[in-house]
Every structure is written in structure tokens, then in C-alpha cells.
Amino acid sequence: MEQSILYVILNIIVILARGLYEMQYIDFFTKKKNELGVILNDVQKEAVLTNDGPLLLLASPGSGKTTTIIMKIGYLIEVLGVDPSRIKAVTFSRASAKDMEERFQRFFPNLPLVDFSTIHSLAYRVVREYFAKQRIDYQLIEGTNEGLNKKMILRDLYKSINNEPITEDQLEELITFISYIKNKLIPENEWGSVGIKIPKKEEIIKRYETFKNSGTPKLLLDFDDMLIIANQVLENNQDILSRYQQRYDYVLTDESQDTSLVQHYIIEKLVNKHQNLCVVADEDQSIYSWRGAEPEYLLDFKQIYPNAKILMMVQNYRSTKDIVEVANKFIQQNKKRYNKNMFTNNLPHKPIKIKTLQDYKLQSNYLIKQISKMDNLQDVAILYRNNSSAILLLDAFEKANIPFYMKDVDNRFFHHWVVEDIKNFMRLSYNTSRVDVFERIYSKFNGYLKLSQMEELKRVRNNESVFDNLLSFVKLEEYQKKKIQHFKKTYERMHDATPKRILQMIRDDLGFERVLEFRSEKFGYNLNNLVEILNTLEQIADSTETMVDFVNRLNHLDALMKTSKFNKGENAVTFSTLHSSKGLEFQTVYMIDLIDGIIPSKSKEEDEGAEEEREEEVRLFYVGMTRAIAHLELISYERKFHAPVKKSEFIDQVYKIIHPNEQKKPSKQEKKVKEKPINPNGIKERSILKIGLQVKHIVFGSGEIVFIDDEMVEICFEQSHKKFLISTCLKQGFLEID
């Protein structure tokens with residue numbers, strides 16, 4: 001009898017406790033609704049209330065993840081009574097850490113601040129504590145501080161190993177390579193398998209690591225070293241590991257799809273005892289694999305944390321039904337993802353618009369025509385895959401007097417070595433006796449001049465033309481003499497030419513473009529990117545009358561790009577890469593330059609066997625689509641810089657999703673190709689096409705093949721150079737042997 005009474009009393013206590021608990025959290029959500037106007041859905045509430053053990057919170061675009069995280073932290077403190085200093089929130093970047101801290105203060109102005117920081121900041125604390133204990137003297141080599149820095153060390157090593165200065169593009173690629181292998185914990189014997197075209201990359205990084213460890217009295221560290229060492233310290237030093245495990249009772253990580261393997265391991269060690277870990281992520285928005293991000297870790301989350309709960313926040317509050325439904329179906333082509341379906345209760349507004357222009361040159365004019373009608377420019381974004389897309393945009397928008405904010409202001413276009421070379425070719429035309437200018441570019445002429453010949457020329461000091469002095473005072477081979485005479489005549493013709501024509505003469509008559517082909521093959525440059533720079537310069541030059549005007553225009557655009565950062569938050573259009581747009585939202589989004597070769601960078605056939613890369617391209621396109629709130633426009637074109645191009649296959653996929661029962665109509669370009677009779681004498685075999693082959697084009701007449709790669713063939717005709725798609729030429733018989 002007494003036992004049954006006791007049992008009833010215990011049950012009553014449990015019920016009362018549960019009721020009190022429920023009242024507390026109901027009161028919490030009601031209170032925040034009244035104070036802030038924040039209303040959480042059922043999944044968001046469950047995420048806030050799930051605090052014991054590991055939780056993977058998969059948050060689709062626009063699903064209110066930051067609000068949910070902030071509410072979760074507030075609930076831990078206000079309802080569960082957790083000391084704020086016992087909570088650790090890890091973000092992907094300093095900007096997101098600051099943003100989350102500011103939002104927390106707005107939501108909970110009376111609560112002490114929680115520890116919001118990046119994973120690098122956390123790792124640095126561990127390393128600093130360990131080095132202090134071991135009395136190890138160290139120095140960070142990141143940033144632009146005077147003295148030793150990472151970029152300077154790598155520049156010196158590259159030059160000493162390759163006997164060639166490293167370009168800024170190569171330097172960035174080398175830094176990315178180093179970061180990649182460290183974040184992915186790739187062993188030394190597998191470094192060679194990482195596909196970047198940096199000559200002798202393995203030797204460079206080995207000497208880089210040796211120098212950091214023994215080249216100076218202090219141990220030199222870069223940011224990636226901090227992660228590696230912090231992981232090793234937590235692995236091997238029980239005292240420090242225990243101290244950090246006991247410091248925090250709850251750990252939350254945001255944007256975890258961008259977290260690398262070594263970063264995941266650090267967090268794993270940190271929560272190993274209590275496992276009160278909340279990981280907020282979306283594998284569908286993982287777009288940083290080139291930085292070492294490890295989205296597969298999320299897919300294996302249950303294997304790492306068997307007791308984990310997985311919640312899916314899939315209600316999109318940002319975008320209209322037209323955008324959400326198409327984006328959701330588009331991302332489902334990927335296989336390496338959770339089976340989740342993004343949805344919205346927002347009403348339809350207008351279907352996604354697909355615009356195909358005849359020519360690349362029309363793109364900026366079209367955008368200006370559309371945007372000039374709008375009042376609130378801050379609600380408009382133009383997104384692109386590569387920074388190079390922004391150059392002609394800023395040229396056109398400045399002329400149209402439309403203000404813009406450029407998110408990626410570190411664009412190095414105007415200081416690229418190709419641009420500097422072009423400026424020097426032009427400088428020489430003003431005064432061909434400038435040996436100092438000629439010395440900067442002599443190796444860029446297609447004349448195979450040697451350093452020893454340049455040294456002979458420098459000894460001649462008569463203020464005459466460098467070309468005359470080369471012919472009179474320097475020992476040259478016969479083929480070199482002919483080329484120098486040709487260069488001299490070309491420079492004489494430059495005096496009355498327009499900047500655009502001068503650029504064409506530099507590219508063709510002086511052989512600069514052929515030199516780029518050779519150097520790309522030798523040093524691993526991306527030739528398509530270099531040619532794109534030349535084509536962009538030509539288009540800028542088209543609106544200038546003299547070389548001085550042209551150079552001044554370049555300098556003006558360079559300054560304009562840098563000062564555009566002051567337009568942030570003002571009534572200005574946002575220019576951004578797709579990568580940098582993640583986390584942003586705009587009423588109207590234009591995604592531009594949507595052609596195969598840019599996005600996706602390779603076709604399905606080319607990408608066969610590279611499923612991971614392919615899926616990341618899909619995710620990047622998806623990120624762009626989901627930035628739009630009400631209006632999304634996808635823009636492509638049929639020709640770019642005189643060559644036919646193919647619109648992105650992703651556009652076709654979107655079109656089919658919007659029009660599932662409609663057969664795709666052929667474009668004007670496809671119709672024209674179909675209408676032309678196939679030439680029975682046309683070359684049909686790819687193997688026949690070789691550099692030096694004399695061919696006849698069905699439209700442009702006789703010419704010589706001067707360049708060929710997997711996709712394009714370039715032919716030098718009497719009046720011009722033209723590039724053509726090999727597949728089209730072979731299929732339609734556009735070329736025959738001359």
C-alpha cells in the first residue's frame with residue numbers, strides 16, 4: 001500500500017516537473033514572439049529543445065538557421081541556466097562570427113556574450129597555450145606584415161626552383177594547394193596526385209616546410225599549421241585536451257559543410273566526453289572543396305556519432321514558390337546528399353526567366369536596360385562564376401551612371417602580368433629607343449630572343465630604336481633578323497592605329513598570343529583565362545581613341561573597383577561571385593555568363609569519373625538560384641569574342657523543370673547550322689587537324705591552323721585570327737584541306 005502511494009506521488013512529481021518544463025519552454029517561445037516577433041516552426045523548436053547529445057541540423061537556404069541557432073543559445077542560458085562561458089559557437093569566418101554576435105545581442109540584450117569565434121581562432125588558443133608550455137618561440141607569417149611573410153617565402157622558393165618569377169595567379173593556386181593538402185591531411189606521398197599545374201609543386205612545398213621549421217631562429221606558422229598543430233596537441237597532450245573538454249559544456253558549429261577534415265577532428269576531440277554538439281550545415285551548399293571542405297563528413301555523421309539526432313529544416317521563408325520548387329528539383333540530381341525536399345508556403349510571383357542573347361557584348365547593355373528601370377538598386381545582385389566577368393560590367397555600369405558595390409574587391413585583373421605586358425608593348429610604341437621597357441617584354445615577342453642578346457643590346461647606348469640596334473649591333477640568327485624587321489614595321493604601323501587595332505597587332509603580328517600558348521604549356525598557366533584577358537582588354541579599348549585614353553581608362557576602372565566598397569549598404573547594385581554570394585539574399589538576381597566551360601566548367605562527358613567535381617558545380621548553381629527572393633533571371637548567349645559558345649546545360653535542366661511536357665525548341669544558331677548543307681569534302685577526322693595544316697573554311701577562306709586543344713581550333717586567315725569549335729567544324733564539314 002505504501003509502495004503504491006509512493007509510486008503515485010513520484011508520478012505526480014514527474015508530471016508536475018514535465019509540466020513545469022513545458023511551461024518554461026512554451027513561455028520562452030511566447031516571450032520571444034512578443035518581444036521580437038520571432039515565430040519558430042515545429043522543426044526549429046525541436047532544434048532549440050534538443051540539447052543532450054549530438055544533433056545534425058540540416059538547414060536549407062532561407063530556412064532561418066541563424067535565428068534558430070541564436071534562439072537555441074538563448075534557451076540554454078535563459079531556460080536551462082547554462083553559464084554563457086560554457087557555450088562555444090564556432091563559425092566559418094570572422095564576418096559570420098561578428099554577425100552572429102550582433103544578432104545574439106539584439107535578441108538577448110540583457111545576457112552576457114557567448115564565445116563566438118572561428119575554428120582558426122580556437123586552434124590558435126590551443127597552439128599558443130602549448131607553445132608557452134613548451135617554451136617554443138614562433139612567428140605567424142600570414143598577412144602583409146613587414147619582414148617574413150608566406151607570400152614572400154613562396155615567391156622566393158618558386159623563383160629559385162623554376163628560374164622564373166611566379167605570377168599572382170600561380171601564387172594563389174600554390175597557396176590554395178598548400179591549404180588543401182593540410183586541411184585534407186593528405187600524406188606527402190600523395191601530394192603529386194592533387195591536380196594543379198604548378199611546376200615542381202612538391203619540391204616547393206617540401207622546401208617551404210623545411211624553411212618554416214629550421215630556416216629562422218623562430219618556428220614559422222601559417223594559418224593551416226595552427227589547425228594541424230592544434231589537432232596534434234589535442235591528440236597527444238592529455239592535460240590540454242582535458243582543460244578544453246572541461247571548458248565547454250555545449251559546442252555549436254555553423255556552416256559545417258565548409259569545414260575541413262582537420263577542423264572536424266578538432267571539434268570531435270573537443271566534445272568527445274559530453275558530445276553535446278550541434279552541427280548546423282547544408283550539404284547542398286557545400287561549394288569549397290578546393291579549400292579542403294569535407295561535406296562527406298556530414299553524410300557519415302551517424303557513423304561518427306551513433307546516437308545523433310538528425311533534423312531537417314527545409315521550409316524556405318526567403319523565396320517565392322516559383323524559385324523554391326525549381327531549385328529543389330534541380331539539386332535533386334545530386335546523389336551525395338540527404339533525401340530532403342525544400343518547400344515554401346510563400347505565394348508564386350513570376351517564373352524564373354531564361355534569356356539567351358546573340359552575343360556576349362549585349363549582356364551588359366541588357367542588364368543596364370533592365371536595372372535602370374528600378375528604384376531600389378540595393379535589392380539587385382548580378383552573380384557570376386569568375387571575377388573576370390565583373391570587368392566589363394563595371395566598365396558599362398560606370399558609363400551608364402548606375403552605382404554598384406563589388407563584393408570581391410581583391411580582383412587582380414588590372415595588375416595581371418598580361419595587362420602589364422600589354423601596357424609595356426604600348427609604351428614602347430611611343431619611344432622605341434626605350435631599352436628599359438623593351439627589357440621587360442623582349443621574351444614576350446615571338447622572336448626567341450635570348451638573355452645574352454638582351455645583355456648585348458643594353459650595352460649599346462645611342463638612343464636609337466631597339467629594333468635597329470638589334471639588327472646592327474647584336475648577333476642574331478637569320479630567322480631572328482626577319483622577325484625583328486617584321487616587329488619594326490609593325491611598330492611603325494602602330495602610330496596611326498586605334499587602341500583596339502594595336503591590341504590586335506600585339507596579339508597577332510608581334511606574336512604575343514603564341515608566346516602565351518607556349519608559356520601556358522611550359523608553366524601550367526590557364527590559356528583560356530589569358531586569352532579572356534586579352535579579349536576583355538580589346539572590348540574596353542573599343543571605346544577609346546588613343547593609347548593614352550586606353551591606359552587612363554584601365555587605371556580609372558581599377559580605382560573605381562577599389563572605391564566601390566564604399567557603396568556597401570548604399571543604393572547600389574551588388575556584383576558578386578557565386579561563391580561570395582552564399583548567405584546573401586536579394587529581391588532580384590541575375591546570374592550571368594551561364595555557358596558551358598564556365599558553369600559547369602566541364603561537360604558531363606568530360607567530367608565522367610569526376611562525380612564529386614560535377615556535384616559541386618550543381619551545388620554552386622543552386623546556391624546562386626536560392627539567393628533570389630522574387631525574381632531570378634538566367635542569362636546566356638550564343639557567341640563570345642567572335643566564337644560560338646554553348647549555353648550552360650544547367651539552363652536546359654532548369655527549362656525542363658519549368659516546362660516538363662514541352663519539347664525544347666532549337667535556337668537560332670542551331671537552326672542555321674541545320675540549314676547549311678554539309679560539305680562532302682569537309683574534314684571529318686579530329687586526328688587530321690594539326691598545327692601548321694593549310695585549310696579552307698567554308699566562310700573565311702584559306703588559312704593555317706596555329707593552335708588546337710580539346711575543344712577549339714584557331715586558324716590564321718589573311719586578315720584575321722578566328723577560333724572555332726572542333727566538334728561543329730567536323731560535324732558540318734566547315735573545314736577542308738587546302
# chains A, B, ... in the order shown; residues from 1 in each chain; ligands from 1
>>> residues_around(residues="Lys336 in chain A", least_positions_apart="3", cutoff="10 Å", atoms="only C-alpha atoms", output="VMD selection string")
chain A and resid 283 to 284 295 to 296 299 332 to 333 339 611 to 612 615
>>> residues_around(residues="range 518-527 of chain A", least_positions_apart="3", cutoff="7 Å", atoms="only C-alpha atoms", output="PyMOL selection string")
chain A and resi 197-199+514-515+530-531
>>> atom_distance(atom1="CA of Arg86 in chain A", atom2="CA of Gln275 in chain A")
13.7 Å
>>> closest_atom_pairs(of="range 335-384 of chain A", to="range 559-568 of chain A", cutoff="12 Å", atoms="only C-alpha atoms", output="CSV")
residue,atom,partner,partner_atom,distance
A:Leu377,CA,A:Asn567,CA,11.1
A:Gln378,CA,A:Lys568,CA,8.8
A:Asp379,CA,A:Lys568,CA,12.0
>>> write_last_selection(atoms="N, CA and C atoms", output="PDB file, in the first residue's frame")
ATOM      1  N   LEU A 377      18.143  49.883 -55.957  1.00  0.00           N
ATOM      2  CA  LEU A 377      19.239  49.093 -56.530  1.00  0.00           C
ATOM      3  C   LEU A 377      19.855  48.152 -55.501  1.00  0.00           C
ATOM      4  N   GLN A 378      19.678  48.456 -54.222  1.00  0.00           N
ATOM      5  CA  GLN A 378      20.237  47.619 -53.163  1.00  0.00           C
ATOM      6  C   GLN A 378      19.602  46.225 -53.157  1.00  0.00           C
ATOM      7  N   ASP A 379      18.456  46.096 -53.798  1.00  0.00           N
ATOM      8  CA  ASP A 379      17.752  44.815 -53.860  1.00  0.00           C
ATOM      9  C   ASP A 379      18.152  43.982 -55.071  1.00  0.00           C
TER      10      ASP A 379
END
>>> residues_around(residues="Phe650 in chain A", least_positions_apart="4", cutoff="10 Å", atoms="only C-alpha atoms", output="number ranges by chain")
A: 330, 594-596, 599-600, 617-618, 621-622, 634, 654-656
>>> residues_around(residues="Asp222 in chain A", least_positions_apart="4", cutoff="9 Å", atoms="only C-alpha atoms", output="count of residues only")
7
>>> residues_around(residues="Lys350 in chain A", least_positions_apart="2", cutoff="7 Å", atoms="only C-alpha atoms", output="list of chain:residue names")
A:Asp322, A:Pro348, A:Ile352, A:His631
>>> write_last_selection(atoms="N, CA, C and O atoms", output="mmCIF file, in the first residue's frame")
data_model
loop_
_atom_site.group_PDB
_atom_site.id
_atom_site.type_symbol
_atom_site.label_atom_id
_atom_site.label_comp_id
_atom_site.auth_asym_id
_atom_site.auth_seq_id
_atom_site.Cartn_x
_atom_site.Cartn_y
_atom_site.Cartn_z
ATOM 1 N N ASP A 322 7.865 29.884 -57.111
ATOM 2 C CA ASP A 322 8.440 29.636 -58.438
ATOM 3 C C ASP A 322 9.922 29.249 -58.331
ATOM 4 O O ASP A 322 10.397 28.350 -59.027
ATOM 5 N N PRO A 348 3.416 32.119 -55.334
ATOM 6 C CA PRO A 348 4.157 32.326 -56.587
ATOM 7 C C PRO A 348 4.207 33.820 -56.920
ATOM 8 O O PRO A 348 3.329 34.588 -56.498
ATOM 9 N N ILE A 352 10.931 31.727 -63.157
ATOM 10 C CA ILE A 352 12.336 32.016 -63.448
ATOM 11 C C ILE A 352 12.458 32.349 -64.931
ATOM 12 O O ILE A 352 11.914 31.644 -65.790
ATOM 13 N N HIS A 631 12.614 37.509 -57.994
ATOM 14 C CA HIS A 631 12.859 37.436 -59.436
ATOM 15 C C HIS A 631 14.253 36.886 -59.701
ATOM 16 O O HIS A 631 15.238 37.406 -59.193
#
>>> atom_distance(atom1="CA of Leu148 in chain A", atom2="CA of Arg207 in chain A")
15.4 Å
>>> select_by_dssp(residues="range 617-647 of chain A", states="alpha helix (DSSP H)", output="ChimeraX atom specification")
/A:617-625
>>> residues_around(residues="Arg412 in chain A", least_positions_apart="2", cutoff="10 Å", atoms="only C-alpha atoms", output="list in words")
Glu168, Asp169, Asn387, Ser388, Val409, Asp410, Phe414, His415, His416, Trp417 and Asp558 of chain A
>>> residues_around(residues="Tyr265 in chain A", least_positions_apart="2", cutoff="12 Å", atoms="only C-alpha atoms", output="PyMOL selection string")
chain A and resi 119+123+183-185+227-235+259-263+267-272+294+297+304
